[in-house]
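Text of the file run.pdb, holding PDB, C-alpha atoms and all ligand atoms:
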ATOM      1  CA  MET A   1     103.768 108.968 120.928
ATOM      2  CA  ASN A   2     100.393 108.034 119.414
ATOM      3  CA  ARG A   3      97.003 107.114 120.855
ATOM      4  CA  TRP A   4      98.089 103.504 120.984
ATOM      5  CA  ASP A   5     100.690 104.167 123.669
ATOM      6  CA  ASP A   6      97.907 105.018 126.115
ATOM      7  CA  PHE A   7      95.848 102.127 124.933
ATOM      8  CA  TYR A   8      98.666  99.611 125.407
ATOM      9  CA  LYS A   9      99.360 100.991 128.877
ATOM     10  CA  GLU A  10      95.815 101.020 130.117
ATOM     11  CA  ASP A  11      93.707  98.476 128.317
ATOM     12  CA  SER A  12      94.361  94.915 129.428
ATOM     13  CA  ARG A  13      92.211  93.514 126.591
ATOM     14  CA  VAL A  14      95.193  93.810 124.247
ATOM     15  CA  LEU A  15      97.270  91.476 126.373
ATOM     16  CA  SER A  16      94.849  88.592 126.038
ATOM     17  CA  ALA A  17      93.622  89.205 122.469
ATOM     18  CA  PRO A  18      93.894  85.993 120.435
ATOM     19  CA  ILE A  19      95.604  86.036 117.063
ATOM     20  CA  SER A  20      93.504  86.782 114.006
ATOM     21  CA  ALA A  21      92.434  84.287 111.353
ATOM     22  CA  THR A  22      94.289  86.586 108.953
ATOM     23  CA  SER A  23      97.633  85.896 110.627
ATOM     24  CA  VAL A  24      97.013  82.121 110.402
ATOM     25  CA  TYR A  25      96.202  82.578 106.726
ATOM     26  CA  ALA A  26      99.276  84.801 106.196
ATOM     27  CA  LYS A  27     101.574  82.262 107.824
ATOM     28  CA  SER A  28     100.338  79.551 105.463
ATOM     29  CA  ILE A  29     100.993  81.832 102.479
ATOM     30  CA  PHE A  30     104.470  82.800 103.735
ATOM     31  CA  ASP A  31     105.223  79.111 104.396
ATOM     32  CA  SER A  32     104.059  77.983 100.965
ATOM     33  CA  LYS A  33     106.151  80.675  99.284
ATOM     34  CA  LYS A  34     109.106  79.828 101.522
ATOM     35  CA  CYS A  35     109.522  83.416 102.683
ATOM     36  CA  SER A  36     112.670  83.803 104.762
ATOM     37  CA  ARG A  37     112.350  87.422 105.951
ATOM     38  CA  ILE A  38     109.008  88.848 107.036
ATOM     39  CA  LEU A  39     107.987  92.304 108.201
ATOM     40  CA  ASP A  40     104.994  92.785 110.531
ATOM     41  CA  LEU A  41     104.128  96.412 109.770
ATOM     42  CA  GLY A  42     102.216  98.112 112.597
ATOM     43  CA  CYS A  43     102.813  95.123 114.879
ATOM     44  CA  GLY A  44     101.576  96.758 118.115
ATOM     45  CA  ILE A  45     102.511  94.542 121.050
ATOM     46  CA  GLY A  46     103.561  91.748 118.669
ATOM     47  CA  ARG A  47     100.244  89.899 119.021
ATOM     48  CA  GLU A  48     100.665  88.372 115.552
ATOM     49  CA  THR A  49     104.398  88.666 115.013
ATOM     50  CA  LEU A  50     105.330  85.400 116.682
ATOM     51  CA  ALA A  51     102.424  83.608 115.010
ATOM     52  CA  LEU A  52     104.066  84.300 111.636
ATOM     53  CA  SER A  53     107.309  82.632 112.598
ATOM     54  CA  ASN A  54     108.814  79.306 111.831
ATOM     55  CA  ASN A  55     112.351  78.060 112.450
ATOM     56  CA  ASN A  56     113.604  79.076 109.030
ATOM     57  CA  ARG A  57     112.764  82.729 108.918
ATOM     58  CA  GLU A  58     113.635  86.048 110.425
ATOM     59  CA  ILE A  59     110.791  88.327 111.528
ATOM     60  CA  VAL A  60     110.902  92.059 112.110
ATOM     61  CA  GLY A  61     108.056  93.892 113.836
ATOM     62  CA  VAL A  62     107.699  97.637 113.315
ATOM     63  CA  ASP A  63     105.473 100.093 115.156
ATOM     64  CA  LEU A  64     105.365 103.734 116.189
ATOM     65  CA  SER A  65     104.336 102.942 119.758
ATOM     66  CA  PHE A  66     107.280 102.652 122.118
ATOM     67  CA  TYR A  67     105.125 101.136 124.839
ATOM     68  CA  GLY A  68     103.645  98.572 122.443
ATOM     69  CA  LEU A  69     107.107  97.510 121.355
ATOM     70  CA  SER A  70     108.327  97.268 124.956
ATOM     71  CA  LEU A  71     105.571  94.718 125.563
ATOM     72  CA  ALA A  72     106.432  92.974 122.304
ATOM     73  CA  CYS A  73     110.083  92.596 123.360
ATOM     74  CA  LYS A  74     109.062  91.373 126.802
ATOM     75  CA  ASN A  75     106.700  88.785 125.345
ATOM     76  CA  SER A  76     109.109  87.644 122.644
ATOM     77  CA  LYS A  77     111.270  84.702 123.518
ATOM     78  CA  MET A  78     112.448  84.110 119.983
ATOM     79  CA  GLN A  79     115.938  84.993 118.876
ATOM     80  CA  ASN A  80     115.028  85.426 115.233
ATOM     81  CA  CYS A  81     112.440  88.110 116.006
ATOM     82  CA  ASN A  82     113.372  91.791 116.223
ATOM     83  CA  PHE A  83     111.309  94.891 116.922
ATOM     84  CA  VAL A  84     112.019  98.374 115.628
ATOM     85  CA  GLN A  85     110.318 101.632 116.601
ATOM     86  CA  THR A  86     109.777 103.575 113.416
ATOM     87  CA  ASP A  87     107.150 105.319 111.349
ATOM     88  CA  ALA A  88     105.772 103.123 108.564
ATOM     89  CA  ARG A  89     106.062 106.110 106.209
ATOM     90  CA  PHE A  90     109.827 106.363 106.608
ATOM     91  CA  LEU A  91     111.348 102.915 106.950
ATOM     92  CA  SER A  92     115.095 102.494 107.244
ATOM     93  CA  PHE A  93     115.203  99.069 105.566
ATOM     94  CA  LYS A  94     117.042  98.577 102.290
ATOM     95  CA  ASP A  95     115.234  98.206  98.968
ATOM     96  CA  ASN A  96     113.993  94.645  98.273
ATOM     97  CA  SER A  97     114.913  93.451 101.748
ATOM     98  CA  PHE A  98     111.774  91.423 102.638
ATOM     99  CA  ASP A  99     110.059  88.603 100.797
ATOM    100  CA  GLY A 100     106.899  88.874 102.902
ATOM    101  CA  ILE A 101     105.039  91.773 104.537
ATOM    102  CA  TYR A 102     102.098  91.427 106.893
ATOM    103  CA  CYS A 103     100.046  94.521 107.693
ATOM    104  CA  PHE A 104      96.937  94.128 109.839
ATOM    105  CA  GLY A 105      95.063  97.179 111.060
ATOM    106  CA  LEU A 106      97.559  99.919 110.270
ATOM    107  CA  LEU A 107      96.125 101.766 107.278
ATOM    108  CA  HIS A 108      92.797 102.628 108.911
ATOM    109  CA  GLU A 109      94.774 104.489 111.589
ATOM    110  CA  LEU A 110      95.390 107.285 109.091
ATOM    111  CA  THR A 111      92.737 109.778 110.138
ATOM    112  CA  SER A 112      94.351 113.201 109.747
ATOM    113  CA  ASN A 113      93.598 115.599 106.890
ATOM    114  CA  THR A 114      96.729 114.388 105.149
ATOM    115  CA  TRP A 115      95.714 110.709 105.316
ATOM    116  CA  HIS A 116      95.799 110.332 101.553
ATOM    117  CA  LYS A 117      99.421 111.435 101.374
ATOM    118  CA  GLN A 118     100.340 109.232 104.358
ATOM    119  CA  LEU A 119      98.681 106.225 102.755
ATOM    120  CA  GLU A 120     100.683 106.821  99.580
ATOM    121  CA  GLN A 121     103.912 107.103 101.593
ATOM    122  CA  ILE A 122     103.291 103.799 103.381
ATOM    123  CA  MET A 123     102.350 101.954 100.180
ATOM    124  CA  ASN A 124     105.470 103.348  98.463
ATOM    125  CA  GLU A 125     107.613 102.070 101.321
ATOM    126  CA  ILE A 126     105.987  98.629 101.107
ATOM    127  CA  LEU A 127     106.715  98.509  97.377
ATOM    128  CA  ARG A 128     110.283  99.672  97.900
ATOM    129  CA  ILE A 129     111.297  97.141 100.574
ATOM    130  CA  LEU A 130     109.441  94.147  99.116
ATOM    131  CA  ASN A 131     111.355  91.795  96.812
ATOM    132  CA  LYS A 132     110.170  91.258  93.265
ATOM    133  CA  LYS A 133     107.447  88.574  93.570
ATOM    134  CA  GLY A 134     107.425  89.193  97.316
ATOM    135  CA  VAL A 135     104.023  88.836  98.980
ATOM    136  CA  LEU A 136     101.955  91.325 100.949
ATOM    137  CA  VAL A 137      99.023  90.276 103.146
ATOM    138  CA  LEU A 138      97.075  93.432 103.923
ATOM    139  CA  ALA A 139      93.983  93.841 106.125
ATOM    140  CA  VAL A 140      92.093  96.964 107.006
ATOM    141  CA  LEU A 141      88.711  97.779 108.528
ATOM    142  CA  PHE A 142      85.984  97.671 105.926
ATOM    143  CA  GLY A 143      82.727  99.575 105.988
ATOM    144  CA  LEU A 144      80.856 102.621 104.889
ATOM    145  CA  PRO A 145      83.454 105.413 104.846
ATOM    146  CA  LYS A 146      80.750 108.091 104.960
ATOM    147  CA  ASN A 147      79.559 106.881 108.340
ATOM    148  CA  GLY A 148      83.044 106.161 109.603
ATOM    149  CA  LEU A 149      84.026 105.485 113.201
ATOM    150  CA  PRO A 150      85.463 108.054 115.658
ATOM    151  CA  HIS A 151      89.066 106.886 115.576
ATOM    152  CA  VAL A 152      89.495 104.997 112.347
ATOM    153  CA  ARG A 153      89.061 105.487 108.639
ATOM    154  CA  LEU A 154      86.938 102.716 107.197
ATOM    155  CA  PHE A 155      87.934 101.494 103.751
ATOM    156  CA  SER A 156      85.613 100.865 100.860
ATOM    157  CA  ASN A 157      86.441  98.330  98.182
ATOM    158  CA  GLU A 158      87.399 101.174  95.867
ATOM    159  CA  MET A 159      89.737 102.809  98.420
ATOM    160  CA  PHE A 160      91.422  99.442  98.983
ATOM    161  CA  ASP A 161      91.901  98.914  95.241
ATOM    162  CA  ASN A 162      93.272 102.432  94.804
ATOM    163  CA  ALA A 163      95.776 101.951  97.628
ATOM    164  CA  THR A 164      97.090  98.701  96.143
ATOM    165  CA  HIS A 165      96.947  99.476  92.419
ATOM    166  CA  ASP A 166     100.733  99.053  91.915
ATOM    167  CA  LEU A 167     100.613  95.453  93.138
ATOM    168  CA  ILE A 168      99.250  92.270  91.567
ATOM    169  CA  CYS A 169      96.171  91.091  93.465
ATOM    170  CA  GLU A 170      96.153  87.307  94.036
ATOM    171  CA  ASN A 171      92.939  87.326  96.021
ATOM    172  CA  LYS A 172      90.710  89.577  98.057
ATOM    173  CA  CYS A 173      87.847  88.957 100.467
ATOM    174  CA  ILE A 174      85.718  90.542 103.163
ATOM    175  CA  LEU A 175      85.392  88.733 106.483
ATOM    176  CA  TYR A 176      84.974  89.135 110.222
ATOM    177  CA  ASP A 177      88.128  88.701 112.253
ATOM    178  CA  ILE A 178      89.602  89.261 115.725
ATOM    179  CA  GLY A 179      90.961  92.748 116.308
ATOM    180  CA  CYS A 180      93.754  93.662 118.691
ATOM    181  CA  THR A 181      91.228  94.404 121.459
ATOM    182  CA  GLY A 182      90.005  90.813 121.228
ATOM    183  CA  SER A 183      86.748  91.900 119.616
ATOM    184  CA  THR A 184      85.517  89.387 117.033
ATOM    185  CA  ASP A 185      83.278  91.765 115.066
ATOM    186  CA  TYR A 186      86.170  93.294 113.224
ATOM    187  CA  ARG A 187      84.889  93.515 109.643
ATOM    188  CA  ILE A 188      87.888  93.654 107.368
ATOM    189  CA  ILE A 189      88.871  93.661 103.763
ATOM    190  CA  ARG A 190      91.848  91.413 103.218
ATOM    191  CA  GLY A 191      94.054  91.112 100.160
ATOM    192  CA  THR A 192      97.043  89.070  99.096
ATOM    193  CA  PHE A 193      99.328  90.872  96.652
ATOM    194  CA  LEU A 194     102.545  90.258  94.771
ATOM    195  CA  LYS A 195     105.108  92.851  93.822
ATOM    196  CA  PRO A 196     105.390  92.796  90.005
TER     197      PRO A 196
HETATM  198  C1  LIG A 201      94.902  98.496 115.213
HETATM  199  S1  LIG A 201      96.554  98.460 115.871
HETATM  200  C2  LIG A 201      97.052  96.895 115.169
HETATM  201  C3  LIG A 201      98.214  96.263 115.900
HETATM  202  C4  LIG A 201      98.574  94.858 115.445
HETATM  203  N1  LIG A 201      98.757  94.769 113.997
HETATM  204  C5  LIG A 201      97.545  93.839 115.914
HETATM  205  O1  LIG A 201      96.670  93.490 115.114
HETATM  206  O2  LIG A 201      97.601  93.431 117.072
HETATM  207  C6  LIG A 201      97.385  99.661 114.836
HETATM  208  C7  LIG A 201      98.872  99.854 115.136
HETATM  209  O3  LIG A 201      99.424 100.732 114.164
HETATM  210  C8  LIG A 201     100.413 101.533 114.803
HETATM  211  N2  LIG A 201     100.669 102.732 113.983
HETATM  212  C9  LIG A 201      99.821 103.758 113.728
HETATM  213  N3  LIG A 201     100.396 104.638 112.896
HETATM  214  C10 LIG A 201     101.653 104.155 112.607
HETATM  215  C11 LIG A 201     102.722 104.597 111.789
HETATM  216  N4  LIG A 201     102.645 105.737 111.081
HETATM  217  N5  LIG A 201     103.841 103.842 111.731
HETATM  218  C12 LIG A 201     103.936 102.679 112.426
HETATM  219  N6  LIG A 201     102.946 102.205 113.218
HETATM  220  C13 LIG A 201     101.815 102.934 113.308
HETATM  221  C14 LIG A 201      99.820 101.820 116.169
HETATM  222  O4  LIG A 201     100.813 102.217 117.098
HETATM  223  C15 LIG A 201      99.166 100.481 116.505
HETATM  224  O5  LIG A 201     100.043  99.648 117.227
END
Encoding of this model in structure tokens:
Amino acid sequence: MNRWDDFYKEDSRVLSAPISATSVYAKSIFDSKKCSRILDLGCGIGRETLALSNNNREIVGVDLSFYGLSLACKNSKMQNCNFVQTDARFLSFKDNSFDGIYCFGLLHELTSNTWHKQLEQIMNEILRILNKKGVLVLAVLFGLPKNGLPHVRLFSNEMFDNATHDLICENKCILYDIGCTGSTDYRIIRGTFLKP
């Protein structure tokens, strides 16, 4: 149970939130690289999961929130899309089992005192389950970490680079996007990375 369970139960904004520009971008990258198995890490109610699909690939959505995943399963009409409740720090997937990973809005959820360790655990899992030359599209809230926000950890450019230093950066940018509450003032840092 995390704070998102309550949010998914009580806040109807999540049900009507449009997909982000980042997911449209990620789909084009996954299509161009002909990725056949994609993981949506921290998928919530599956807002973006289906948007990443095409007929030739399998998609797996992972989240800690049972309630979020229940909505995701209800909303999913695709047979090649599966949802798994698990902690992103301890994934049960085999090594090198995905050729694409999409992760929008998960890493800034790490707000406890041990966030640094948790971030390392998640990035190690991403590296482990991604194929060689597999692609990661990663987006996280960007801002002034000193000011912060009550429930999230904003990332600076430097924090983002530190978190992804084991991967090859193909490109990186800062933009406004649509968050899972439907808000369009979601200032993010987005990167596209390859596993060496
Ligand atoms: C900001 S929401 C983003 C949801 C989705 N990516 C979207 O954009 O609609 C963050 C999600 O991360 C999930 N989450 C937080 N910590 C997690 C963890 N350790 N493992 C897996 N999911 C986690 C939450 O349950 C929540 O659904």
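Counting only C-alpha atoms and comparing A:Val152, A:Val60, A:Leu144, A:Ile129, the residue that lies closest to A:Ser112 is A:Val152.
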Quick one: pull the distance between atom CA of A:Glu48 and atom CA of A:Leu107, Å, one decimal.
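If I compute the distance from atom CA of A:Glu48 to atom CA of A:Leu107, I get 16.4 Å.
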Report the centre and edge lengths, in Å to one decimal, of an axis-aligned box enclosing every atom of stretch 39-45 of chain A listed in the file, padded by 8 Å on each side, as lines of an AutoDock Vina configuration file.
center_x = 104.8
center_y = 95.2
center_z = 114.6
size_x = 22.4
size_y = 21.8
size_z = 28.8
Evaluate the PyMOL selection byres (((not hetatm)) within 8 of (chain A and resi 201)) against this structure - the residues, as a ChimeraX atom specification, please.
/A:2-5,14,17,19-20,40-48,62-65,68,85-89,103-110,118,122,179-181
Using only C-alpha atoms for the distances, tell me which of A:Leu127, A:Leu15, A:Ile189, A:Leu136 is nearest to A:Leu71.
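Using only C-alpha atoms, the shortest distance to A:Leu71 belongs to A:Leu15.
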For the file shown, what are the residues hit by the PyMOL selection byres (((chain A and resi 130) around 7) and not hetatm), laid out as a ChimeraX atom specification?
/A:96-100,126-129,131-132,134,195
Spatial neighbours of A:Lys146, 12 Å, all atoms listed in the file, chain gap at least 6 places, as a PyMOL selection string
chain A and resi 152-156
Report the closest atom pair, with its distance in Å rounded to one decimal, for each residue of stretch 148-196 of chain A that has an atom no farther than 8 Å from stretch 21-35 of chain A; count only C-alpha atoms, sort by chain and then rising residue number, and write it as JSON lines.
{"residue": "A:Asp177", "atom": "CA", "partner": "A:Ala21", "partner_atom": "CA", "distance": 6.2}
{"residue": "A:Ile178", "atom": "CA", "partner": "A:Ala21", "partner_atom": "CA", "distance": 7.2}
{"residue": "A:Arg190", "atom": "CA", "partner": "A:Thr22", "partner_atom": "CA", "distance": 7.9}
Scan for residues within 9 Å of the point (88.5, 88.2, 99.2) in the coordinates of the file, using all atoms listed in the file, and reply as a list in words.
Asn171, Lys172, Cys173, Ile174, Leu175, Ile189, Arg190, Gly191 and Thr192 of chain A
Pull C-alpha atoms from the residues just selected and write them as a PDB file, in the coordinates of the input.
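Saved result, part.pdb, follows:
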ATOM      1  CA  ASN A 171      92.939  87.326  96.021  1.00  0.00           C
ATOM      2  CA  LYS A 172      90.710  89.577  98.057  1.00  0.00           C
ATOM      3  CA  CYS A 173      87.847  88.957 100.467  1.00  0.00           C
ATOM      4  CA  ILE A 174      85.718  90.542 103.163  1.00  0.00           C
ATOM      5  CA  LEU A 175      85.392  88.733 106.483  1.00  0.00           C
ATOM      6  CA  ILE A 189      88.871  93.661 103.763  1.00  0.00           C
ATOM      7  CA  ARG A 190      91.848  91.413 103.218  1.00  0.00           C
ATOM      8  CA  GLY A 191      94.054  91.112 100.160  1.00  0.00           C
ATOM      9  CA  THR A 192      97.043  89.070  99.096  1.00  0.00           C
TER      10      THR A 192
END
Calculate how many Å separate atom CA of A:Asp11 from atom CA of A:Pro150, rounding to one decimal.
17.9 Å
Nearest to A:Tyr8 by atom-to-atom distance, counting all atoms listed in the file, from A:Asn147, A:Ser70, A:Ser183, A:Asn82:
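Between A:Asn147, A:Ser70, A:Ser183, A:Asn82, the residue approaching A:Tyr8 most closely is A:Ser70.
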Hits from the PyMOL selection byres (((chain A and resi 58) around 7) and not hetatm), listed as a PyMOL selection string
chain A and resi 36-38+57+59-60+80-81
Given the choices A:Asn75, A:Val140, A:Ile101, A:Leu69, which gets closest to A:Leu52 if the distance is worked out from all atoms listed in the file?
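Of A:Asn75, A:Val140, A:Ile101, A:Leu69, the one nearest A:Leu52, counting all atoms listed in the file, is A:Ile101.
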Looking at A:His116, A:Glu10, A:Phe90, A:Ala51, which one is nearest to A:Tyr67, with distances taken over only C-alpha atoms?
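The shortest atom-to-atom distance to A:Tyr67 comes from A:Glu10.
The space between atom CA of A:Phe66 and atom CA of A:Phe93 spans 18.7 Å.
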From the options A:Leu167, A:Leu91, A:Ile188, A:Leu119, which residue's atoms come nearest to A:Leu141, counting only C-alpha atoms?
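Of A:Leu167, A:Leu91, A:Ile188, A:Leu119, the one nearest A:Leu141, counting only C-alpha atoms, is A:Ile188.
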Surrounding residues of A:His165 excluding itself and chain neighbours under 5 positions, 10 Å, all atoms listed in the file, as number ranges by chain
A: 123, 159-160, 193
